[in-house]
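J.: Quick one: the structure is below, and I'll ask about it shortly.
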Amino acid sequence: MDLRICHLYPDLLNLYGDRGNLLTLAARARWRGIEVVVDPVGIGDMLPPGRHDLYFIGGGEDRQQRLAAADLVARKADALRDAAGRGAVVLAVCGGYQLLGHYYRPAVGEDLPGLGLLDVVTVHPGPRARRLIGNVVVRSPLAGGMTLVGFENHGGRTYLGPGAAPLGRVVAGYGNNGEDGTEGAVRGHVYGTYLHGPLLPKNPAFADHLLRAALRVRHGEVALAPLDDGLEAAAHEAAAARATAGRR
Amino acid sequence: MGWDGVRLAAAVAAGRLAASLSRWLRLGGGTTVPGRVARVLHPEVVSRLAARLGRGCVVVTGTNGKTTTARLVGHILARAGIAVVHNRAGANLAAGVAAALVERVAPGDRPEDRAGVFEVDEATLPALQTSLRPRVAVLLNLFRDQLDRYGEIDLLSSRWREALAEQAGGAAVVYNADDPLVADVGREVRGLQIPFGIADVSCGTAVLEHAADARYCYRCGRPYRYEVVYFGHMGQYRCPRCGIERPAPVVAARDVELRGLEGTAFTLSTPEGDRRVRTVLPGLYNVHNVLAAAAACLRLEVPVDVIARAVEEFRPAFGRAERVRVDGREAVLLLAKNPAGFNEVLRTVLHPRSVGGREPVLLVAINDLTADGRDVSWLWDVDAEMLAGRVGLVVVSGLRAYDMALRLKYAGIPQMHLVVQPDLEAAWEAAVQAAADGCVYVLPTYTALLGLRAILRRRGLVRGFWED
């Protein structure tokens with residue numbers, strides 16, 4: 001059995017240890033005897049539709065995000081729409097999440113059009129607005145009975161439309177916009193979130209949920225053998241404790 | 001003495017009193033409180049006292065190497081017979097600089113023959129540049145660090161550019177030619193430009209490591225083409241589109257011989273002549289620090305022979321390759337606070353001359369307090385994979401011990417080689433025990449280093465950092 005992962009813009013959108021997500025997905029698949037290929041796909045590269053089971057996009061600085069946004073809409077839109085259509089997994093974190101929505105309205109300058117794969121819009125409330133920074137804990141049905149933990153750092157506020165469900169509810173931290181208690185967005189197997197940290201190492205149940213969904217695309221229902229997640233659980237606990245301690 | 005003079009004198013007196021009190025009450029080294037007190041009484045205390053330093057000021061900034069470089073400058077100047085006012089303990093925000101000035105410069109003194117040497121936080125440079133009006137500004141490097149505090153390194157470099165655009169005509173900027181982000185700032189400033197860099201392609205690697213930041217040309221957005229990469233994004237580079245390339249260094253290191261933790265030897269090449277120097281400071285990153293200090297001191301007319309001798313006898317700052325003897329063993333404290341620095345420290349530890357065929361014992365202590373950066377995602381930008389199959393034992397500790405343990409697990413370090421002990425004192429004991437008759441390499445973040453040194457100080461193994 002094999003899994004094909006596409007890592008979009010690894011050189012540009014890699015601000016917050018994002019490669020930890022790829023390392024986690026690849027290791028957890030290989031430990032179960034599944035072969036894994038990770039293809040880095042950058043600016044100007046062709047992205048053939050139908051090749052990959054899972055697509056990952058990370059976050060970057062403003063300049064890098066602008067470069068990526070233009071390329072994403074111009075060259076990668078067909079493959080990603082096709083992916084969403086056939087149930088392949090798309091996971092986008094922070095800046096990448098914003099690019100999956102309809103648009104990103106920056107503090108100054110023109111709107112950055114997104115792919116519209118998620119029914120969300122993101123608005124930056126102005127250069128003097130406070131960034132939303134800190135540890136986050138989110139209650140989510142996809143966390144395998146636990147919570148999702150991570151760290152967020154974003155100026156933009158994301159608002160969900162009727163076609164998007166939140167990834168979870170904020171227990172500690174800000175989430176999408178610091179107002180409505182939602183975090184992230186889901187449609188089918190397209191996932192957007194502000195949680196880095198990185199996201200997947202400390203949230204192994206969610207990592208396995210993504211693996212099962214990605215494997216289903218070409219291999220049908222796959223039962224994943226259980227792993228020893230003692231360290232993962234302990235790191236999750238420690239991060240959750242820091243999130244509550246941080247609310248001083 | 002006018003009213004302003006009275007206020008200034010009062011600010012200095014109150015600052016000094018606060019320093020004595022703080023030490024007497026054992027609240028710590030009194031490295032910032034006196035500055036805060038003085039600034040309340042006279043907001044311009046920094047510019048007023050700095051203006052009295054007849055030899056002028058040197059400021060040192062950058063992500064990594066500030067403390068070591070500023071101490072090198074201070075040491076070289078002292079050897080040249082110039083008295084120095086210096087924020088030695090690494091308190092590098094405005095209050096720390098004010099504290100150093102308050103303690104060493106009084107309104108009545110005539111400090112004509114003194115120089116100021118100040119390490120300055122990279123985000124604080126713009127504010128202090130205006131009040132210190134330095135004769136020499138040293139720009140070391142820009143790495144990704146503490147994203148929760150500073151946002152983005154692009155933003156930092158543009159703030160530096162603005163701050164330095166206003167500097168006085170006679171001032172000089174010493175900058176790292178090997179760092180494209182820093183060179184972009186340095187080559188545009190007014191005044192004298194003194195680029196420094198490594199001129200030895202044999203110490204490079206062929207590929208950019210994961211922690212490399214400035215892959216893209218600042219002007220045109222094309223990826224730089226590197227002829228050689230030293231570490232991080234340091235190297236000899238050129239933009240294939242607009243042709244911008246690494247400036248030729250005026251002060252350079254040739255024939256570099258890295259000897260792991262035993263230190264480094266190289267030929268210090270300057271317009272005043274070349275000298276072969278040996279330093280106990282390990283790693284290529286410290287070659288940059290020595291070059292920067294040498295270039296700054298040359299600008300202050302220190303003879304190259306004095307510089308070379310002073311570099312050879314220099315001993316590092318606390319926690320920067322600081323050696324501690326314990327029960328017939330040795331521990332080396334190696335501050336590691338961001339991916340680029342962490343990678344360089346790992347490479348130095350794993351150098352054949354450091355470990356001599358043994359599998360080393362490491363103590364890695366990760367905290368996530370404000371001074372460390374609250375976001376620990378940077379651990380995943382560390383190339384921890386280089387440890388796989390090459391370490392005996394890694395003890396992980398600190399508030400984020402489990403994050404580090406997880407990083408090592410996914411880097412392929414077997415769990416039998418891992419011990420998680422969040423309590424720092426217990427972790428120290430476990431690591432020293434495991435080292436048998438060898439050496440423990442300690443890699444702490446900033447507050448973990450302070451915490452560990454407090455433990456070692458209680459045990460009589462090191463002195464307080466403010467006594468150092």
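Starting from 1 in every chain, residues are counted up; chains themselves are A, B, ... following the order of the structure tokens, and ligands are numbered from 1 as listed.
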Tell me, as a list in words, which residues lie within 7 Å of range 24-35 of chain A, counting only C-alpha atoms; anything in the same chain fewer than 3 positions away does not count.
T.: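 Residues near the query, excluding close chain neighbours: Met1, Asp2, Leu3, Gly20, Asn21, Leu200, Pro201, Ala207 and Ala225 of chain A; Tyr410 of chain B.
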J.: Tell me, as a PyMOL selection string, which residues lie within 8 Å of Leu47 in chain A, counting only C-alpha atoms; anything in the same chain fewer than 3 positions away does not count.
T.: chain A and resi 41+75-76+79
J.: Pull the alpha helix (DSSP H) assignments for range 39-241 of chain B out of DSSP run on the backbone, and list those residues as an NGL selection string.
T.: :B and (39-41 or 45-50 or 66-79 or 94-104 or 125-132 or 147-150 or 153-165 or 180-186)
J.: So that I can see what lies close to range 306-318 of chain B, please list as a list in words the residues with an atom at most 8 Å from it, counting only C-alpha atoms and leaving out residues fewer than 6 positions away in the same chain.
T.: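 Returned residues: Thr67, Thr68, Arg71, Leu72, His75, Ile76, Arg79, Ala80, Leu268, Arg275, Arg276, Val277, Arg278, Thr279, Val280, Leu281, Val290, Ala294, Cys297, Phe465 and Asp468 of chain B.
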J.: Just the selected residues (N, CA and C atoms), exported as an mmCIF file, in the first residue's frame, please.
T.:
data_model
loop_
_atom_site.group_PDB
_atom_site.id
_atom_site.type_symbol
_atom_site.label_atom_id
_atom_site.label_comp_id
_atom_site.auth_asym_id
_atom_site.auth_seq_id
_atom_site.Cartn_x
_atom_site.Cartn_y
_atom_site.Cartn_z
ATOM 1 N N THR B 67 25.983 38.777 22.507
ATOM 2 C CA THR B 67 26.696 38.833 23.782
ATOM 3 C C THR B 67 28.173 38.537 23.582
ATOM 4 N N THR B 68 28.480 37.481 22.850
ATOM 5 C CA THR B 68 29.881 37.107 22.631
ATOM 6 C C THR B 68 30.624 38.216 21.889
ATOM 7 N N ARG B 71 31.218 41.327 24.052
ATOM 8 C CA ARG B 71 32.256 41.068 25.056
ATOM 9 C C ARG B 71 33.635 41.008 24.424
ATOM 10 N N LEU B 72 33.703 40.473 23.199
ATOM 11 C CA LEU B 72 34.979 40.497 22.471
ATOM 12 C C LEU B 72 35.437 41.938 22.254
ATOM 13 N N HIS B 75 36.589 43.416 25.489
ATOM 14 C CA HIS B 75 37.873 42.846 25.901
ATOM 15 C C HIS B 75 39.032 43.421 25.079
ATOM 16 N N ILE B 76 38.835 43.530 23.774
ATOM 17 C CA ILE B 76 39.895 44.069 22.907
ATOM 18 C C ILE B 76 40.185 45.526 23.281
ATOM 19 N N ARG B 79 42.146 45.775 26.423
ATOM 20 C CA ARG B 79 43.547 45.435 26.157
ATOM 21 C C ARG B 79 44.285 46.587 25.461
ATOM 22 N N ALA B 80 43.510 47.408 24.746
ATOM 23 C CA ALA B 80 44.118 48.559 24.068
ATOM 24 C C ALA B 80 44.182 49.764 25.005
ATOM 25 N N LEU B 268 43.199 35.909 10.254
ATOM 26 C CA LEU B 268 42.415 37.145 10.285
ATOM 27 C C LEU B 268 43.037 38.097 9.273
ATOM 28 N N ARG B 275 46.883 38.174 10.380
ATOM 29 C CA ARG B 275 47.429 37.523 11.569
ATOM 30 C C ARG B 275 46.761 36.160 11.725
ATOM 31 N N ARG B 276 47.531 35.129 12.056
ATOM 32 C CA ARG B 276 46.949 33.827 12.373
ATOM 33 C C ARG B 276 46.442 33.870 13.810
ATOM 34 N N VAL B 277 45.170 33.533 14.048
ATOM 35 C CA VAL B 277 44.657 33.552 15.424
ATOM 36 C C VAL B 277 44.030 32.198 15.779
ATOM 37 N N ARG B 278 44.140 31.847 17.058
ATOM 38 C CA ARG B 278 43.435 30.693 17.598
ATOM 39 C C ARG B 278 42.484 31.220 18.645
ATOM 40 N N THR B 279 41.283 30.656 18.686
ATOM 41 C CA THR B 279 40.334 31.060 19.718
ATOM 42 C C THR B 279 39.695 29.819 20.315
ATOM 43 N N VAL B 280 39.324 29.898 21.599
ATOM 44 C CA VAL B 280 38.601 28.775 22.207
ATOM 45 C C VAL B 280 37.132 28.771 21.779
ATOM 46 N N LEU B 281 36.692 29.833 21.134
ATOM 47 C CA LEU B 281 35.292 29.901 20.711
ATOM 48 C C LEU B 281 35.058 28.887 19.596
ATOM 49 N N VAL B 290 34.120 36.897 15.834
ATOM 50 C CA VAL B 290 35.479 37.436 15.960
ATOM 51 C C VAL B 290 35.742 38.465 14.853
ATOM 52 N N ALA B 294 36.692 42.341 15.478
ATOM 53 C CA ALA B 294 37.959 42.848 14.950
ATOM 54 C C ALA B 294 37.717 44.059 14.050
ATOM 55 N N CYS B 297 36.849 47.133 16.133
ATOM 56 C CA CYS B 297 37.986 47.677 16.878
ATOM 57 C C CYS B 297 39.022 48.315 15.952
ATOM 58 N N PHE B 465 25.892 35.351 36.980
ATOM 59 C CA PHE B 465 26.232 35.915 35.676
ATOM 60 C C PHE B 465 26.639 37.389 35.766
ATOM 61 N N ASP B 468 30.319 37.781 36.523
ATOM 62 C CA ASP B 468 31.128 37.133 35.509
ATOM 63 C C ASP B 468 31.967 38.148 34.747
#
J.: Excluding Leu132 in chain A and residues on its chain fewer than 4 positions from it, collect all residues at most 7 Å away from it, counting only C-alpha atoms, and give them as a list in words.
T.: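 With the cut-off at 7 Å, the set is Glu152, Asn153, His154, Gly155 and Tyr174 of chain A.
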J.: Only residues of chain B matter here; which ones have an atom within 8 Å of chain A, counting only C-alpha atoms? Give them as JSON, numbers by chain.
T.: {"B": [148, 152, 374, 375, 376, 377, 378, 379, 380, 381, 399, 400, 401, 402, 403, 405, 406, 410]}
J.: Could you turn the residues from that selection into a file that holds N, CA and C atoms, as a PDB file, in the first residue's frame?
T.:
ATOM      1  N   ASP B 148       6.758  34.939  17.881  1.00  0.00           N
ATOM      2  CA  ASP B 148       5.613  35.488  18.599  1.00  0.00           C
ATOM      3  C   ASP B 148       5.875  36.919  19.041  1.00  0.00           C
ATOM      4  N   GLU B 152       8.189  39.153  11.778  1.00  0.00           N
ATOM      5  CA  GLU B 152       8.863  38.623  10.612  1.00  0.00           C
ATOM      6  C   GLU B 152      10.244  39.247  10.431  1.00  0.00           C
ATOM      7  N   ARG B 374       7.402  32.119  23.117  1.00  0.00           N
ATOM      8  CA  ARG B 374       6.383  31.217  23.663  1.00  0.00           C
ATOM      9  C   ARG B 374       6.012  30.120  22.673  1.00  0.00           C
ATOM     10  N   ASP B 375       6.389  30.310  21.413  1.00  0.00           N
ATOM     11  CA  ASP B 375       6.050  29.364  20.349  1.00  0.00           C
ATOM     12  C   ASP B 375       7.228  28.415  20.144  1.00  0.00           C
ATOM     13  N   VAL B 376       7.034  27.128  20.444  1.00  0.00           N
ATOM     14  CA  VAL B 376       8.152  26.179  20.317  1.00  0.00           C
ATOM     15  C   VAL B 376       8.147  25.438  18.978  1.00  0.00           C
ATOM     16  N   SER B 377       7.356  25.886  18.025  1.00  0.00           N
ATOM     17  CA  SER B 377       7.305  25.165  16.749  1.00  0.00           C
ATOM     18  C   SER B 377       8.662  25.157  16.051  1.00  0.00           C
ATOM     19  N   TRP B 378       9.553  26.090  16.434  1.00  0.00           N
ATOM     20  CA  TRP B 378      10.879  26.143  15.812  1.00  0.00           C
ATOM     21  C   TRP B 378      11.681  24.868  16.030  1.00  0.00           C
ATOM     22  N   LEU B 379      11.331  24.095  17.068  1.00  0.00           N
ATOM     23  CA  LEU B 379      12.059  22.839  17.299  1.00  0.00           C
ATOM     24  C   LEU B 379      12.002  21.937  16.067  1.00  0.00           C
ATOM     25  N   TRP B 380      10.916  22.071  15.285  1.00  0.00           N
ATOM     26  CA  TRP B 380      10.765  21.228  14.094  1.00  0.00           C
ATOM     27  C   TRP B 380      11.560  21.757  12.914  1.00  0.00           C
ATOM     28  N   ASP B 381      12.109  22.953  13.027  1.00  0.00           N
ATOM     29  CA  ASP B 381      13.026  23.468  11.999  1.00  0.00           C
ATOM     30  C   ASP B 381      14.479  23.107  12.306  1.00  0.00           C
ATOM     31  N   LEU B 399      10.057  23.276  30.494  1.00  0.00           N
ATOM     32  CA  LEU B 399       8.598  23.349  30.411  1.00  0.00           C
ATOM     33  C   LEU B 399       8.066  22.642  29.173  1.00  0.00           C
ATOM     34  N   ARG B 400       8.894  22.557  28.130  1.00  0.00           N
ATOM     35  CA  ARG B 400       8.482  21.898  26.903  1.00  0.00           C
ATOM     36  C   ARG B 400       9.339  20.667  26.616  1.00  0.00           C
ATOM     37  N   ALA B 401       9.688  19.942  27.678  1.00  0.00           N
ATOM     38  CA  ALA B 401      10.496  18.730  27.529  1.00  0.00           C
ATOM     39  C   ALA B 401       9.851  17.748  26.552  1.00  0.00           C
ATOM     40  N   TYR B 402       8.528  17.591  26.656  1.00  0.00           N
ATOM     41  CA  TYR B 402       7.878  16.579  25.818  1.00  0.00           C
ATOM     42  C   TYR B 402       7.837  16.985  24.346  1.00  0.00           C
ATOM     43  N   ASP B 403       7.760  18.280  24.068  1.00  0.00           N
ATOM     44  CA  ASP B 403       7.844  18.720  22.668  1.00  0.00           C
ATOM     45  C   ASP B 403       9.191  18.330  22.076  1.00  0.00           C
ATOM     46  N   ALA B 405      11.171  15.918  23.165  1.00  0.00           N
ATOM     47  CA  ALA B 405      11.226  14.460  23.075  1.00  0.00           C
ATOM     48  C   ALA B 405      10.542  13.982  21.795  1.00  0.00           C
ATOM     49  N   LEU B 406       9.397  14.596  21.493  1.00  0.00           N
ATOM     50  CA  LEU B 406       8.651  14.215  20.297  1.00  0.00           C
ATOM     51  C   LEU B 406       9.445  14.542  19.029  1.00  0.00           C
ATOM     52  N   TYR B 410      10.603  11.718  16.204  1.00  0.00           N
ATOM     53  CA  TYR B 410      10.338  11.769  14.764  1.00  0.00           C
ATOM     54  C   TYR B 410      11.607  12.022  13.946  1.00  0.00           C
TER      55      TYR B 410
END
J.: Near range 41-57 of chain B, within 6 Å and counting only C-alpha atoms, which residues show up once chain neighbours fewer than 3 positions away are dropped, as a list in words?
T.: Leu8, Ala11, Ala38, Ala98, Pro111, Glu112, Asp113, Arg114, Ala115, Gly116, Val117, Ser131, Leu132, Pro134 and Arg135 of chain B
J.: Kindly export the residues of the current selection with N, CA and C atoms, as a PDB file, in the first residue's frame.
T.:
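again-v3.pdb, freshly written:
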ATOM      1  N   LEU B   8      19.113  64.940  36.001  1.00  0.00           N
ATOM      2  CA  LEU B   8      20.004  63.890  35.502  1.00  0.00           C
ATOM      3  C   LEU B   8      20.800  63.282  36.654  1.00  0.00           C
ATOM      4  N   ALA B  11      18.586  61.125  38.635  1.00  0.00           N
ATOM      5  CA  ALA B  11      18.295  59.866  37.942  1.00  0.00           C
ATOM      6  C   ALA B  11      19.445  58.886  38.128  1.00  0.00           C
ATOM      7  N   ALA B  38      16.106  55.057  36.516  1.00  0.00           N
ATOM      8  CA  ALA B  38      16.724  56.280  36.007  1.00  0.00           C
ATOM      9  C   ALA B  38      15.915  56.878  34.862  1.00  0.00           C
ATOM     10  N   ALA B  98      20.600  51.564  29.721  1.00  0.00           N
ATOM     11  CA  ALA B  98      20.550  52.679  30.667  1.00  0.00           C
ATOM     12  C   ALA B  98      21.219  52.289  31.985  1.00  0.00           C
ATOM     13  N   PRO B 111      34.389  61.453  31.347  1.00  0.00           N
ATOM     14  CA  PRO B 111      34.700  60.149  30.769  1.00  0.00           C
ATOM     15  C   PRO B 111      35.198  60.240  29.314  1.00  0.00           C
ATOM     16  N   GLU B 112      36.079  61.253  29.058  1.00  0.00           N
ATOM     17  CA  GLU B 112      36.530  61.478  27.686  1.00  0.00           C
ATOM     18  C   GLU B 112      37.212  60.259  27.071  1.00  0.00           C
ATOM     19  N   ASP B 113      37.921  59.498  27.930  1.00  0.00           N
ATOM     20  CA  ASP B 113      38.704  58.399  27.371  1.00  0.00           C
ATOM     21  C   ASP B 113      37.936  57.082  27.369  1.00  0.00           C
ATOM     22  N   ARG B 114      36.634  57.152  27.625  1.00  0.00           N
ATOM     23  CA  ARG B 114      35.887  55.899  27.679  1.00  0.00           C
ATOM     24  C   ARG B 114      35.108  55.640  26.406  1.00  0.00           C
ATOM     25  N   ALA B 115      34.875  54.348  26.154  1.00  0.00           N
ATOM     26  CA  ALA B 115      34.038  53.931  25.033  1.00  0.00           C
ATOM     27  C   ALA B 115      32.845  53.154  25.581  1.00  0.00           C
ATOM     28  N   GLY B 116      31.719  53.215  24.887  1.00  0.00           N
ATOM     29  CA  GLY B 116      30.563  52.400  25.246  1.00  0.00           C
ATOM     30  C   GLY B 116      30.495  51.195  24.317  1.00  0.00           C
ATOM     31  N   VAL B 117      30.214  50.030  24.874  1.00  0.00           N
ATOM     32  CA  VAL B 117      29.989  48.836  24.052  1.00  0.00           C
ATOM     33  C   VAL B 117      28.660  48.248  24.482  1.00  0.00           C
ATOM     34  N   SER B 131      19.369  57.330  20.316  1.00  0.00           N
ATOM     35  CA  SER B 131      19.870  57.909  21.560  1.00  0.00           C
ATOM     36  C   SER B 131      21.364  57.647  21.774  1.00  0.00           C
ATOM     37  N   LEU B 132      21.896  56.558  21.247  1.00  0.00           N
ATOM     38  CA  LEU B 132      23.323  56.273  21.463  1.00  0.00           C
ATOM     39  C   LEU B 132      24.220  56.925  20.411  1.00  0.00           C
ATOM     40  N   PRO B 134      25.863  55.774  17.745  1.00  0.00           N
ATOM     41  CA  PRO B 134      27.134  55.035  17.792  1.00  0.00           C
ATOM     42  C   PRO B 134      28.116  55.427  16.680  1.00  0.00           C
ATOM     43  N   ARG B 135      29.403  55.318  16.996  1.00  0.00           N
ATOM     44  CA  ARG B 135      30.437  55.483  15.965  1.00  0.00           C
ATOM     45  C   ARG B 135      30.490  54.268  15.063  1.00  0.00           C
TER      46      ARG B 135
END
J.: If you run DSSP on the backbone, which residues of range 51-237 of chain A are strand (DSSP E), as a VMD selection string?
T.: chain A and resid 54 to 57 89 to 93 103 to 105 112 to 113 120 to 123 132 to 139 147 to 154 157 to 160 168 to 172 182 to 183 185 to 187 190 to 193
J.: Show which residues sit within 10 Å of Asp437 in chain B, as a list in words. Count only C-alpha atoms, and ignore same-chain residues fewer than 5 positions away.
T.: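 Listing them by chain and then by number gives Asp327, Gly328, Arg329, Glu330 and Val432 of chain B.
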J.: For Gly451 in chain B, which residue out of B:Gly341, B:Gly319, B:Gly357, B:Gly35 is the nearest one, using only C-alpha atoms?
T.: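 Counting only C-alpha atoms, the residue closest to Gly451 in chain B is B:Gly319.
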J.: Could you state the separation of CA of Gln433 in chain B and CA of Gly460 in chain B in Å, given to one decimal place?
T.: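 Result for CA of Gln433 in chain B versus CA of Gly460 in chain B: 18.2 Å, one decimal.
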J.: Counting only C-alpha atoms, which of A:Glu179, A:His189, A:Ala77, A:Val37 gets nearest to Arg51 in chain A?
T.: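 Ranking A:Glu179, A:His189, A:Ala77, A:Val37 by distance to Arg51 in chain A, first place goes to A:Val37.
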J.: In Å, with one decimal, what is the gap from CA of Glu262 in chain B to CA of Leu443 in chain B?
T.: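 These two atoms are separated by 17.2 Å.
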J.: Applying 8 Å and only C-alpha atoms, which residues near Gly116 in chain A remain after dropping the ones on its own chain fewer than 5 positions away? List them as a PyMOL selection string.
T.: chain A and resi 100-103
J.: The selected residues should be written to file as a short mmCIF file (atom, residue, chain, number, x, y, z; two decimals), in the first residue's frame (atoms: C-alpha atoms).
T.:
data_model
loop_
_atom_site.label_atom_id
_atom_site.label_comp_id
_atom_site.auth_asym_id
_atom_site.auth_seq_id
_atom_site.Cartn_x
_atom_site.Cartn_y
_atom_site.Cartn_z
CA LEU A 100 -8.23 28.30 0.67
CA GLY A 101 -11.01 30.81 1.41
CA HIS A 102 -12.69 33.22 -1.01
CA TYR A 103 -10.28 36.06 -0.30
#
J.: Kindly give the distance, in Å, that separates CA of Pro422 in chain B and CA of Thr445 in chain B, rounded to a single decimal.
T.: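 Taking CA of Pro422 in chain B as the start and CA of Thr445 in chain B as the end point, the length is 13.7 Å.
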J.: With only C-alpha atoms as the basis for distance, which of B:Val201, B:Ala436, B:Leu181, B:Leu300 is at the shortest distance from Tyr216 in chain B?
T.: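 Ranked by minimum distance to Tyr216 in chain B, first place goes to B:Leu181.
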